[in-house]
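Trainee: Enclosed is the structure file data30.txt (compact mmCIF, C-alpha atoms and all ligand atoms).
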```txt
# COMPACT_ATOMS: atom_id res chain seq x y z
CA MET A 1 66.97 -44.54 60.51
CA GLU A 2 63.94 -43.47 62.43
CA ARG A 3 63.21 -43.88 66.10
CA GLY A 4 61.41 -47.10 66.87
CA ARG A 5 62.52 -48.77 63.65
CA THR A 6 65.01 -51.57 63.17
CA LEU A 7 67.41 -51.82 60.27
CA GLY A 8 69.10 -55.15 59.59
CA ILE A 9 72.47 -54.92 57.83
CA VAL A 10 73.48 -58.20 56.19
CA GLY A 11 76.48 -59.36 54.24
CA GLU A 12 79.19 -61.99 54.45
CA SER A 13 82.15 -61.57 56.77
CA GLY A 14 84.46 -58.95 55.34
CA SER A 15 81.80 -56.90 53.58
CA GLY A 16 82.48 -53.86 55.77
CA LYS A 17 79.60 -53.99 58.24
CA SER A 18 81.68 -53.43 61.38
CA VAL A 19 83.87 -50.77 59.80
CA THR A 20 80.75 -48.84 58.82
CA SER A 21 79.32 -48.93 62.32
CA LEU A 22 82.65 -48.02 63.90
CA ALA A 23 82.70 -45.01 61.56
CA ILE A 24 79.28 -43.94 62.83
CA MET A 25 80.50 -44.24 66.41
CA GLY A 26 83.71 -42.36 65.60
CA LEU A 27 85.83 -45.26 66.81
CA HIS A 28 88.41 -45.28 64.02
CA ARG A 29 91.89 -44.00 64.57
CA THR A 30 91.95 -41.11 62.12
CA SER A 31 94.77 -40.36 59.75
CA THR A 32 95.96 -37.32 61.71
CA THR A 33 97.90 -39.61 64.04
CA LYS A 34 101.56 -40.27 63.28
CA ARG A 35 101.08 -44.02 62.91
CA GLY A 36 98.59 -43.50 60.12
CA GLY A 37 94.98 -44.52 60.37
CA THR A 38 91.63 -44.36 58.74
CA THR A 39 90.30 -41.69 56.43
CA VAL A 40 86.58 -41.27 56.90
CA SER A 41 84.84 -39.18 54.24
CA GLY A 42 81.27 -38.39 53.35
CA THR A 43 78.62 -37.47 55.87
CA ILE A 44 77.05 -39.27 58.80
CA ARG A 45 74.19 -37.32 60.35
CA LEU A 46 72.72 -37.94 63.76
CA ASP A 47 69.65 -35.80 64.37
CA GLY A 48 70.90 -33.52 61.59
CA GLU A 49 74.38 -33.09 63.10
CA ASP A 50 77.30 -34.24 60.92
CA LEU A 51 79.55 -36.64 62.82
CA VAL A 52 82.37 -36.79 60.27
CA SER A 53 83.23 -33.10 60.59
CA ALA A 54 82.42 -32.89 64.33
CA SER A 55 85.35 -32.60 66.78
CA PRO A 56 86.51 -35.79 68.50
CA GLY A 57 85.34 -34.30 71.82
CA ARG A 58 81.85 -33.70 70.48
CA VAL A 59 81.67 -37.24 69.07
CA ARG A 60 82.80 -38.58 72.47
CA THR A 61 79.94 -36.71 74.12
CA LEU A 62 77.42 -38.12 71.67
CA ARG A 63 78.84 -41.61 71.96
CA GLY A 64 77.17 -43.28 74.88
CA SER A 65 74.56 -40.57 75.32
CA LYS A 66 72.91 -40.34 71.89
CA MET A 67 74.37 -43.40 70.22
CA ALA A 68 75.63 -46.64 71.68
CA MET A 69 76.98 -49.90 70.39
CA ILE A 70 76.82 -53.52 71.49
CA PHE A 71 79.76 -55.57 70.30
CA GLN A 72 79.94 -59.14 69.11
CA ASP A 73 82.12 -60.47 71.90
CA PRO A 74 81.13 -59.16 75.33
CA LEU A 75 84.11 -60.82 76.99
CA THR A 76 86.59 -58.64 75.13
CA ALA A 77 84.36 -55.57 75.36
CA LEU A 78 84.13 -55.75 79.17
CA HIS A 79 87.22 -54.98 81.25
CA PRO A 80 88.29 -58.05 83.24
CA PHE A 81 89.65 -56.03 86.22
CA TYR A 82 86.50 -54.09 87.04
CA THR A 83 83.18 -55.33 88.31
CA VAL A 84 80.26 -55.33 85.92
CA GLY A 85 78.49 -52.78 88.10
CA ALA A 86 81.49 -50.44 88.14
CA GLN A 87 81.64 -50.49 84.35
CA ILE A 88 77.95 -49.74 83.90
CA SER A 89 78.12 -47.00 86.56
CA GLU A 90 81.11 -45.42 84.86
CA ALA A 91 79.35 -45.37 81.49
CA TYR A 92 76.47 -43.57 83.20
CA ARG A 93 78.62 -41.13 85.18
CA VAL A 94 80.62 -40.06 82.11
CA HIS A 95 77.44 -38.48 80.76
CA ASN A 96 75.53 -37.61 83.94
CA ARG A 97 76.66 -35.61 86.95
CA VAL A 98 75.55 -38.03 89.61
CA SER A 99 77.09 -39.54 92.73
CA LYS A 100 78.57 -43.03 92.78
CA GLN A 101 75.58 -44.23 94.81
CA VAL A 102 73.07 -42.96 92.28
CA ALA A 103 75.05 -44.50 89.42
CA ARG A 104 75.26 -47.81 91.26
CA LYS A 105 71.51 -47.79 91.77
CA ARG A 106 71.07 -47.11 88.08
CA ALA A 107 73.39 -50.06 87.28
CA ILE A 108 71.32 -52.36 89.50
CA ASP A 109 68.09 -51.16 87.86
CA LEU A 110 69.51 -51.75 84.41
CA LEU A 111 70.82 -55.21 85.30
CA ARG A 112 67.36 -56.07 86.58
CA ARG A 113 65.80 -54.65 83.43
CA VAL A 114 67.97 -56.84 81.18
CA GLY A 115 67.07 -59.95 83.17
CA ILE A 116 70.08 -60.55 85.43
CA PRO A 117 68.89 -62.46 88.51
CA GLN A 118 69.71 -61.02 91.95
CA PRO A 119 71.06 -57.77 90.48
CA THR A 120 71.89 -56.31 93.92
CA VAL A 121 74.40 -59.14 94.39
CA ARG A 122 75.55 -59.69 90.82
CA VAL A 123 76.37 -56.00 90.38
CA ASP A 124 79.60 -56.70 92.25
CA ASP A 125 80.60 -59.67 90.09
CA TYR A 126 83.49 -59.56 87.65
CA PRO A 127 82.84 -60.35 83.97
CA HIS A 128 84.35 -63.85 84.29
CA GLN A 129 81.70 -64.68 86.90
CA PHE A 130 78.97 -64.05 84.31
CA SER A 131 77.94 -66.54 81.59
CA GLY A 132 78.21 -65.50 77.94
CA GLY A 133 74.54 -64.59 77.75
CA MET A 134 74.74 -62.60 81.01
CA ARG A 135 77.76 -60.69 79.76
CA GLN A 136 75.88 -59.74 76.61
CA ARG A 137 72.97 -58.61 78.80
CA ALA A 138 75.39 -56.52 80.84
CA MET A 139 76.74 -54.93 77.64
CA ILE A 140 73.18 -54.11 76.61
CA ALA A 141 72.58 -52.57 80.05
CA MET A 142 75.68 -50.44 79.61
CA ALA A 143 74.65 -49.37 76.10
CA LEU A 144 71.20 -48.39 77.35
CA SER A 145 72.41 -46.60 80.47
CA CYS A 146 71.88 -43.16 78.89
CA ASP A 147 68.79 -43.94 76.73
CA PRO A 148 70.55 -43.64 73.38
CA GLU A 149 68.57 -42.59 70.33
CA LEU A 150 70.57 -44.94 68.12
CA LEU A 151 71.65 -48.40 69.20
CA ILE A 152 73.99 -50.38 66.96
CA ALA A 153 74.22 -54.10 67.73
CA ASP A 154 77.13 -55.64 65.80
CA GLU A 155 76.53 -59.39 65.59
CA PRO A 156 75.13 -59.33 69.14
CA THR A 157 74.26 -63.01 69.20
CA THR A 158 77.05 -64.62 67.17
CA ALA A 159 79.09 -65.68 70.20
CA LEU A 160 76.10 -67.14 72.04
CA ASP A 161 74.24 -70.47 72.16
CA VAL A 162 71.16 -70.67 69.96
CA THR A 163 68.72 -70.61 72.89
CA VAL A 164 70.44 -67.60 74.43
CA GLN A 165 70.52 -65.89 71.02
CA ALA A 166 66.74 -65.88 70.87
CA GLN A 167 66.51 -64.43 74.40
CA ILE A 168 68.96 -61.64 73.61
CA LEU A 169 67.10 -60.70 70.43
CA ASP A 170 63.82 -60.67 72.33
CA LEU A 171 65.45 -58.47 74.94
CA ILE A 172 66.77 -55.97 72.38
CA MET A 173 63.35 -55.77 70.73
CA ASP A 174 61.54 -55.37 74.07
CA LEU A 175 63.90 -52.62 75.13
CA GLN A 176 63.53 -50.91 71.79
CA SER A 177 59.78 -50.66 72.19
CA GLU A 178 60.28 -49.39 75.73
CA PHE A 179 63.04 -46.87 75.01
CA GLY A 180 61.95 -46.06 71.42
CA SER A 181 65.49 -46.09 70.03
CA ALA A 182 66.39 -46.63 66.41
CA VAL A 183 68.20 -49.97 66.21
CA ILE A 184 70.72 -51.24 63.67
CA ILE A 185 71.29 -54.98 63.88
CA ILE A 186 74.33 -56.17 62.01
CA THR A 187 74.48 -59.83 61.22
CA HIS A 188 75.39 -62.45 58.64
CA ASP A 189 72.32 -64.37 59.77
CA LEU A 190 69.34 -63.75 57.52
CA GLY A 191 67.09 -65.59 59.95
CA VAL A 192 67.78 -62.92 62.55
CA VAL A 193 67.06 -60.16 60.05
CA ALA A 194 63.81 -61.74 58.93
CA GLU A 195 62.70 -61.96 62.53
CA VAL A 196 63.48 -58.50 63.83
CA SER A 197 63.98 -55.98 61.01
CA ASP A 198 61.59 -53.44 59.52
CA ASP A 199 64.14 -52.52 56.88
CA VAL A 200 67.06 -54.41 55.36
CA LEU A 201 70.34 -53.24 53.89
CA VAL A 202 72.42 -55.78 51.97
CA MET A 203 76.05 -54.81 51.99
CA TYR A 204 78.79 -55.96 49.65
CA ALA A 205 82.38 -54.76 49.40
CA GLY A 206 81.72 -51.78 51.65
CA ARG A 207 78.75 -50.55 49.60
CA VAL A 208 75.01 -50.85 49.64
CA ALA A 209 73.94 -53.54 47.17
CA GLU A 210 70.25 -53.37 48.01
CA THR A 211 68.04 -51.68 50.55
CA GLY A 212 64.33 -51.62 51.25
CA SER A 213 61.64 -52.82 53.60
CA ALA A 214 62.20 -56.34 54.89
CA ALA A 215 59.09 -57.46 53.00
CA ASP A 216 60.39 -56.09 49.68
CA VAL A 217 63.93 -57.36 50.05
CA PHE A 218 62.84 -60.85 51.08
CA ARG A 219 59.99 -61.16 48.56
CA GLN A 220 61.33 -59.20 45.60
CA PRO A 221 65.11 -59.01 45.92
CA GLY A 222 66.69 -57.39 42.88
CA HIS A 223 70.43 -57.84 43.44
CA PRO A 224 72.19 -61.07 42.43
CA TYR A 225 74.10 -60.98 45.72
CA ALA A 226 70.82 -60.85 47.65
CA TRP A 227 69.61 -63.81 45.56
CA GLY A 228 72.77 -65.63 46.55
CA LEU A 229 72.25 -64.90 50.26
CA LEU A 230 68.62 -65.96 50.14
CA GLY A 231 69.43 -69.07 48.09
CA SER A 232 71.90 -70.21 50.73
CA MET A 233 69.40 -69.84 53.60
CA PRO A 234 67.43 -72.85 54.82
CA ARG A 235 63.68 -72.23 54.79
CA LEU A 236 61.04 -74.06 56.79
CA ASP A 237 58.08 -72.41 55.09
CA VAL A 238 58.61 -73.75 51.58
CA ALA A 239 59.05 -77.31 50.36
CA ARG A 240 62.71 -77.97 49.70
CA VAL A 241 63.30 -79.30 46.19
CA ASP A 242 66.98 -78.49 45.82
CA ARG A 243 70.12 -78.34 47.84
CA LEU A 244 71.02 -75.00 49.37
CA ARG A 245 73.03 -72.97 46.91
CA PRO A 246 76.21 -71.42 48.29
CA ILE A 247 77.65 -68.27 46.76
CA ARG A 248 80.85 -69.17 44.95
CA GLY A 249 84.06 -67.37 45.77
CA THR A 250 84.78 -65.05 48.64
CA PRO A 251 84.22 -61.35 49.28
CA PRO A 252 87.01 -59.21 47.80
CA SER A 253 89.69 -57.45 49.78
CA LEU A 254 88.49 -53.91 50.30
CA ILE A 255 91.99 -52.65 49.60
CA ASN A 256 91.59 -53.90 46.00
CA VAL A 257 87.92 -53.63 45.20
CA PRO A 258 87.13 -55.14 41.75
CA SER A 259 86.47 -52.61 38.98
CA GLY A 260 82.92 -51.80 37.92
CA CYS A 261 80.40 -53.72 39.97
CA PRO A 262 82.40 -55.17 42.90
CA PHE A 263 80.28 -58.34 42.72
CA HIS A 264 81.08 -59.06 39.05
CA PRO A 265 83.75 -61.76 39.62
CA ARG A 266 81.15 -63.86 41.49
CA CYS A 267 78.04 -62.91 39.55
CA GLY A 268 76.36 -65.15 36.98
CA TYR A 269 74.51 -62.37 35.16
CA PRO A 270 76.95 -59.92 33.52
CA GLU A 271 76.10 -61.28 30.07
CA GLN A 272 72.45 -60.47 30.66
CA VAL A 273 73.52 -56.87 31.16
CA GLY A 274 75.51 -56.95 27.95
CA GLY A 275 78.90 -55.54 26.94
CA ASP A 276 81.45 -55.02 29.68
CA ARG A 277 79.32 -52.66 31.77
CA CYS A 278 79.52 -54.89 34.85
CA GLN A 279 83.33 -54.89 34.65
CA THR A 280 83.75 -51.17 33.98
CA GLU A 281 80.82 -49.18 35.37
CA VAL A 282 80.00 -48.95 39.06
CA PRO A 283 76.23 -49.51 39.37
CA LEU A 284 74.48 -46.73 41.25
CA LEU A 285 71.64 -47.37 43.68
CA ARG A 286 68.45 -47.10 41.66
CA GLU A 287 64.91 -46.94 42.92
CA THR A 288 63.08 -50.10 41.84
CA GLY A 289 60.01 -49.57 43.99
CA PRO A 290 58.86 -47.28 46.80
CA ALA A 291 61.85 -47.03 49.19
CA HIS A 292 63.41 -50.09 47.51
CA ARG A 293 66.78 -49.49 45.87
CA VAL A 294 69.17 -51.82 44.07
CA ALA A 295 72.70 -51.24 42.78
CA CYS A 296 72.76 -53.49 39.71
CA HIS A 297 72.80 -52.84 35.97
CA LEU A 298 70.11 -55.43 35.26
CA THR A 299 66.77 -53.82 34.35
CA ARG A 300 63.99 -54.19 36.91
CA ALA A 301 62.05 -56.39 34.50
CA LYS A 302 65.04 -58.68 34.12
CA GLN A 303 65.56 -58.81 37.90
CA GLN A 304 61.94 -59.77 38.42
CA GLU A 305 62.08 -62.40 35.69
CA ILE A 306 65.22 -64.03 37.10
CA TRP A 307 64.03 -63.94 40.72
CA LYS A 308 60.77 -65.59 39.68
CA GLN A 309 62.81 -68.58 38.58
CA LEU A 310 65.16 -68.56 41.56
CA ALA A 311 62.74 -67.92 44.41
CA PRO A 312 62.60 -70.81 46.90
CA GLY A 313 59.55 -72.89 46.18
CA SER A 314 59.30 -71.75 42.55
CA ALA A 315 58.72 -74.55 40.07
CA ALA A 316 61.51 -73.40 37.76
CA LYS A 317 64.99 -74.82 38.06
CA PRO A 318 67.43 -72.67 39.95
CA GLY A 319 70.54 -71.24 38.33
CA ALA A 320 68.94 -69.62 35.29
CA THR A 321 72.29 -68.91 33.74
CA ALA A 322 74.95 -71.00 35.40
CA GLU A 323 75.62 -74.69 34.89
CA PRO A 324 75.53 -77.17 37.76
CA GLY A 325 78.93 -78.17 39.11
CA ALA A 326 80.65 -81.15 37.48
CA ASP A 327 80.00 -83.31 40.52
CA GLY A 328 76.28 -82.83 40.11
CA ASP A 329 76.26 -80.55 43.11
CA ALA A 330 73.98 -77.61 43.67
CA ALA A 331 73.37 -75.32 40.74
CA PRO A 332 75.05 -72.01 41.56
CA ALA A 333 72.33 -69.46 41.37
CA ALA A 334 73.99 -66.12 41.56
CA THR A 335 77.42 -67.20 40.53
CA ALA A 336 79.77 -67.60 37.61
CA GLU A 337 81.78 -70.77 36.97
CA PRO A 338 82.07 -73.09 39.94
CA GLY A 339 85.17 -71.93 41.78
CA GLN A 340 87.13 -73.69 44.47
CA ASP A 341 86.17 -71.41 47.29
CA VAL A 342 82.65 -71.79 48.44
CA THR A 343 81.43 -69.44 51.11
CA GLY A 344 78.09 -70.36 52.52
CA VAL A 345 76.27 -67.82 54.59
CA GLU A 346 75.32 -69.07 57.98
CA ALA A 347 71.68 -68.86 58.74
CA SER A 348 69.50 -70.04 61.54
N1 LIG B 401 85.00 -48.56 53.74
C1 LIG B 401 86.14 -49.27 53.80
N2 LIG B 401 87.28 -48.82 53.27
C2 LIG B 401 88.44 -49.52 53.33
N3 LIG B 401 88.54 -50.73 53.90
C3 LIG B 401 87.45 -51.24 54.46
C4 LIG B 401 86.18 -50.55 54.44
N4 LIG B 401 85.26 -51.33 55.07
C5 LIG B 401 85.92 -52.43 55.45
N5 LIG B 401 87.22 -52.39 55.10
C6 LIG B 401 88.23 -53.44 55.32
O1 LIG B 401 87.58 -54.70 55.30
C7 LIG B 401 87.80 -55.42 56.49
C8 LIG B 401 86.55 -56.15 56.89
O2 LIG B 401 85.57 -55.20 57.22
P1 LIG B 401 84.58 -55.46 58.43
O3 LIG B 401 83.81 -54.20 58.62
O4 LIG B 401 85.28 -56.00 59.62
O5 LIG B 401 83.65 -56.57 57.80
P2 LIG B 401 82.40 -57.33 58.45
O6 LIG B 401 82.08 -56.68 59.76
O7 LIG B 401 81.33 -57.15 57.43
O8 LIG B 401 82.82 -58.74 58.56
C9 LIG B 401 88.25 -54.37 57.50
O9 LIG B 401 89.14 -54.87 58.43
C10 LIG B 401 88.92 -53.32 56.65
O10 LIG B 401 90.27 -53.67 56.45
S1 LIG B 402 74.57 -58.18 36.94
FE1 LIG B 402 76.36 -56.87 36.81
S2 LIG B 402 75.81 -55.06 38.02
FE2 LIG B 402 74.35 -56.67 38.59
S3 LIG B 402 75.28 -57.65 40.38
FE3 LIG B 402 75.94 -58.84 38.57
S4 LIG B 402 77.91 -57.95 38.06
FE4 LIG B 402 76.87 -56.48 39.41
MG MG B 403 82.07 -57.54 61.70
```
As structure tokens, what does this structure read like?
Mentor:
Amino acid sequence: MERGRTLGIVGESGSGKSVTSLAIMGLHRTSTTKRGGTTVSGTIRLDGEDLVSASPGRVRTLRGSKMAMIFQDPLTALHPFYTVGAQISEAYRVHNRVSKQVARKRAIDLLRRVGIPQPTVRVDDYPHQFSGGMRQRAMIAMALSCDPELLIADEPTTALDVTVQAQILDLIMDLQSEFGSAVIIITHDLGVVAEVSDDVLVMYAGRVAETGSAADVFRQPGHPYAWGLLGSMPRLDVARVDRLRPIRGTPPSLINVPSGCPFHPRCGYPEQVGGDRCQTEVPLLRETGPAHRVACHLTRAKQQEIWKQLAPGSAAKPGATAEPGADGDAAPAATAEPGQDVTGVEAS
């Protein structure tokens, strides 16, 4: 992540998006506690400093000041017993030695900045007196109170009405250009990603399936899972010749990740790879273009050839390898035999 850039992380529910961002924020209960907990391994670097090996105290200092997170449901993230202003002021005072009055003034400024009307009055409201959109604005104000370098927004618009969603996204993008933070937007909504992201990371079963610039991932996706996500998204810019194609099956439990490529039980292309590689060998992320990486055993040439046939608006029939369902329903593009579970990916 670089300052001023926006990364969109996409993947179905259960692909590990929230867990990954909680790990960055150091919000997991670690396994040193008696009741058990999470083991976080690897490295997470913020401005060169490793967060995994840093002490909990150090991570607490960084959290809020250098990195902040906006959660999906602002009603559960805000405390019902304290006023909105008190909560924003506290977030500010934890990291800055200022008086209550100064912090309150800062809270009012921030509420104004995120578009809350009459902030000098509303600062004393409780969360239940705010609408859903206002609560999300208040959360954003709290996250921005210390000018974080990294802002993670985990499904920030999922709980909101469509019209409010657009306003909140606009707000996050406006504030990003003003504050210059690096922003990670986590979503299952490809429409949101297409609108706001510079870079895209497609996540599956807790791993990166594909990553690259938004232009590359949308125009030249190389991973069958990305094809599946794109094939299930309605598009207004191309003539629709087929039904939307859902991805068959559901994401795996991350306690029992499938062997080899975790996507293989749902993928329609293992035979194009040949042998049992997809079932036995974990595909590594490979560079398929400048800053564009894909974790799939298919050769780049093969990926390009298949996507040419699948791309929305292409003349070729979708589902290069899989048969249409018995009921004459949509041809599954990135999938194996038609299963019973069909998980569509919501898109705007
Ligand atoms: N890296 C991981 N290791 C082990 N389990 C994981 C990992 N990532 C996610 N999980 C499990 O998968 C579940 C769903 O992950 P979550 O991050 O909530 O998905 P998403 O936000 O993409 O819907 C989590 O509750 C957790 O049990
Ligand atoms: S072709 Fe094989 S490696 Fe590529 S996504 Fe499908 S199962 Fe995974
Ligand atoms: Mg989540």
Trainee: So which residues are near ligand MG 403 (chain B), meaning at most 8 Å away with only C-alpha atoms and all ligand atoms counted, given back as a list in words?
Mentor: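 Residues lying within 8 Å of ligand MG 403 (chain B): Ser13, Gly14, Gly16, Lys17, Ser18, Val19, Gln72, Asp154, Glu155, Ile186 and Thr187 of chain A.
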Trainee: Considering all atoms listed in the file, can you say which of A:Val59, A:Ile152, A:Ala214, A:Leu230 comes closest to Arg45 (chain A)?
Mentor: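 That would be A:Val59, the residue with the smallest distance to Arg45 (chain A).
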Trainee: Show me which residues line ligand LIG 402 (chain B), defined as having an atom within 9 Å of a ligand atom where only C-alpha atoms and all ligand atoms count, and present them as a VMD selection string.
Mentor: chain A and resid 209 222 to 225 260 to 274 276 to 279 281 to 283 294 to 298 334 to 335
Trainee: At a cut-off of 12 Å around the point (66.0, -45.0, 60.1) (file coordinates), what residues fall inside when counting only C-alpha atoms? I'd like the answer as a PyMOL selection string.
Mentor: chain A and resi 1-8+45-47+149-152+181-185+197-201+211-213+291
Trainee: What are the nearest atom pairs, with distances in Å to one decimal, for all residues of chain A that come at most 10 Å from ligand LIG 401 (chain B), using all atoms listed in the file, set out by chain and rising residue number as a tab-separated table?
Mentor:
```
residue	atom	partner	partner_atom	distance
A:Ile9	CA	B:LIG401	O7	9.1
A:Val10	CA	B:LIG401	O7	8.0
A:Gly11	CA	B:LIG401	O7	6.2
A:Glu12	CA	B:LIG401	O7	6.1
A:Ser13	CA	B:LIG401	O8	3.4
A:Gly14	CA	B:LIG401	O5	3.5
A:Ser15	CA	B:LIG401	O7	3.9
A:Gly16	CA	B:LIG401	O3	3.2
A:Lys17	CA	B:LIG401	O7	3.7
A:Ser18	CA	B:LIG401	O3	3.6
A:Val19	CA	B:LIG401	O3	3.6
A:Thr20	CA	B:LIG401	O3	6.2
A:Ser21	CA	B:LIG401	O3	7.9
A:Leu22	CA	B:LIG401	O3	8.2
A:Ala23	CA	B:LIG401	N1	8.9
A:Thr38	CA	B:LIG401	C2	8.1
A:Thr39	CA	B:LIG401	N2	8.4
A:Val40	CA	B:LIG401	N1	8.1
A:Ser41	CA	B:LIG401	N1	9.4
A:Gln72	CA	B:LIG401	O6	9.9
A:Asp154	CA	B:LIG401	O6	7.9
A:Glu155	CA	B:LIG401	O6	8.5
A:Ile186	CA	B:LIG401	O6	8.1
A:Thr187	CA	B:LIG401	O7	8.3
A:His188	CA	B:LIG401	O7	8.1
A:Met203	CA	B:LIG401	O7	7.9
A:Tyr204	CA	B:LIG401	O7	8.3
A:Ala205	CA	B:LIG401	N4	7.2
A:Gly206	CA	B:LIG401	N4	4.9
A:Arg207	CA	B:LIG401	N1	7.8
A:Pro251	CA	B:LIG401	C8	9.5
A:Pro252	CA	B:LIG401	O1	8.8
A:Ser253	CA	B:LIG401	O1	6.5
A:Leu254	CA	B:LIG401	N3	4.8
A:Ile255	CA	B:LIG401	N3	5.8
A:Asn256	CA	B:LIG401	N3	9.0
A:Val257	CA	B:LIG401	C2	9.1
```
Trainee: Of the candidates A:Gln303, A:Gln87, A:Thr157, A:Gln118, which one gets nearest to Ile70 (chain A) if we count all atoms listed in the file?
Mentor: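 Using all atoms listed in the file, the shortest distance to Ile70 (chain A) belongs to A:Thr157.
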Trainee: Which value, in Å to one decimal, gives the distance between CA of Ala91 (chain A) and CA of Ala166 (chain A)?
Mentor: 26.3 Å
Trainee: Considering all atoms listed in the file, state which residue in the set A:Leu169, A:Ala143, A:Trp307, A:Arg300 is at the smallest distance from Glu287 (chain A).
Mentor: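 The closest residue to Glu287 (chain A) is A:Arg300.
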Trainee: I'd like to know which of A:Ile116, A:Gly42, A:Ser55, A:Ala141 is closest to Ile88 (chain A), using all atoms listed in the file.
Mentor: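 For Ile88 (chain A), the nearest of the given residues is A:Ala141.
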Trainee: Find, counting only C-alpha atoms, the residue in A:Val196, A:Val202, A:Ile247, A:Met142 that gets nearest to Phe71 (chain A).
Mentor: A:Met142
Trainee: When you count all atoms listed in the file, which of these residues is closest to Gly231 (chain A): A:Thr299, A:Ser99, A:Gln309, A:Ser131?
Mentor: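 Looking only at the distances to Gly231 (chain A), the closest residue turns out to be A:Gln309.
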Trainee: Mind checking which residues fall within 10 Å of Asp125 (chain A), counting only C-alpha atoms, ignoring those fewer than 2 positions away in the same chain, and posting them as a PyMOL selection string?
Mentor: chain A and resi 82-86+119+121-123+127-130
Trainee: Please measure the separation of CA of Asp109 (chain A) and CA of Phe81 (chain A), giving the value in Å to one decimal.
Mentor: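 The value is 22.2 Å.
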Trainee: What's the separation between CA of Pro156 (chain A) and CA of Gln136 (chain A), in Å to one decimal place?
Mentor: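 It comes out at 7.5 Å.
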Trainee: Find the residues near Ala54 (chain A): any atom within 12 Å, counting all atoms listed in the file, skip ones fewer than 4 places away on the same chain, and give them as a list in words.
Mentor: Ile24, Met25, Gly26, Val40, Thr43, Ile44, Arg45, Leu46, Gly48, Glu49, Asp50, Arg58, Val59, Arg60, Thr61 and Leu62 of chain A
Trainee: What are the nearest atom pairs, with distances in Å to one decimal, for all residues of region 117-142 of chain A that come at most 9 Å from region 74-79 of chain A, using all atoms listed in the file, set out by chain and rising residue number as JSON lines?
Mentor:
```
{"residue": "A:Tyr126", "atom": "CA", "partner": "A:His79", "partner_atom": "CA", "distance": 8.7}
{"residue": "A:Pro127", "atom": "CA", "partner": "A:Leu78", "partner_atom": "CA", "distance": 6.8}
{"residue": "A:His128", "atom": "CA", "partner": "A:Leu75", "partner_atom": "CA", "distance": 7.9}
{"residue": "A:Gly132", "atom": "CA", "partner": "A:Pro74", "partner_atom": "CA", "distance": 7.5}
{"residue": "A:Gly133", "atom": "CA", "partner": "A:Pro74", "partner_atom": "CA", "distance": 8.9}
{"residue": "A:Arg135", "atom": "CA", "partner": "A:Pro74", "partner_atom": "CA", "distance": 5.8}
{"residue": "A:Gln136", "atom": "CA", "partner": "A:Pro74", "partner_atom": "CA", "distance": 5.4}
{"residue": "A:Arg137", "atom": "CA", "partner": "A:Pro74", "partner_atom": "CA", "distance": 8.9}
{"residue": "A:Ala138", "atom": "CA", "partner": "A:Pro74", "partner_atom": "CA", "distance": 8.4}
{"residue": "A:Met139", "atom": "CA", "partner": "A:Pro74", "partner_atom": "CA", "distance": 6.5}
```
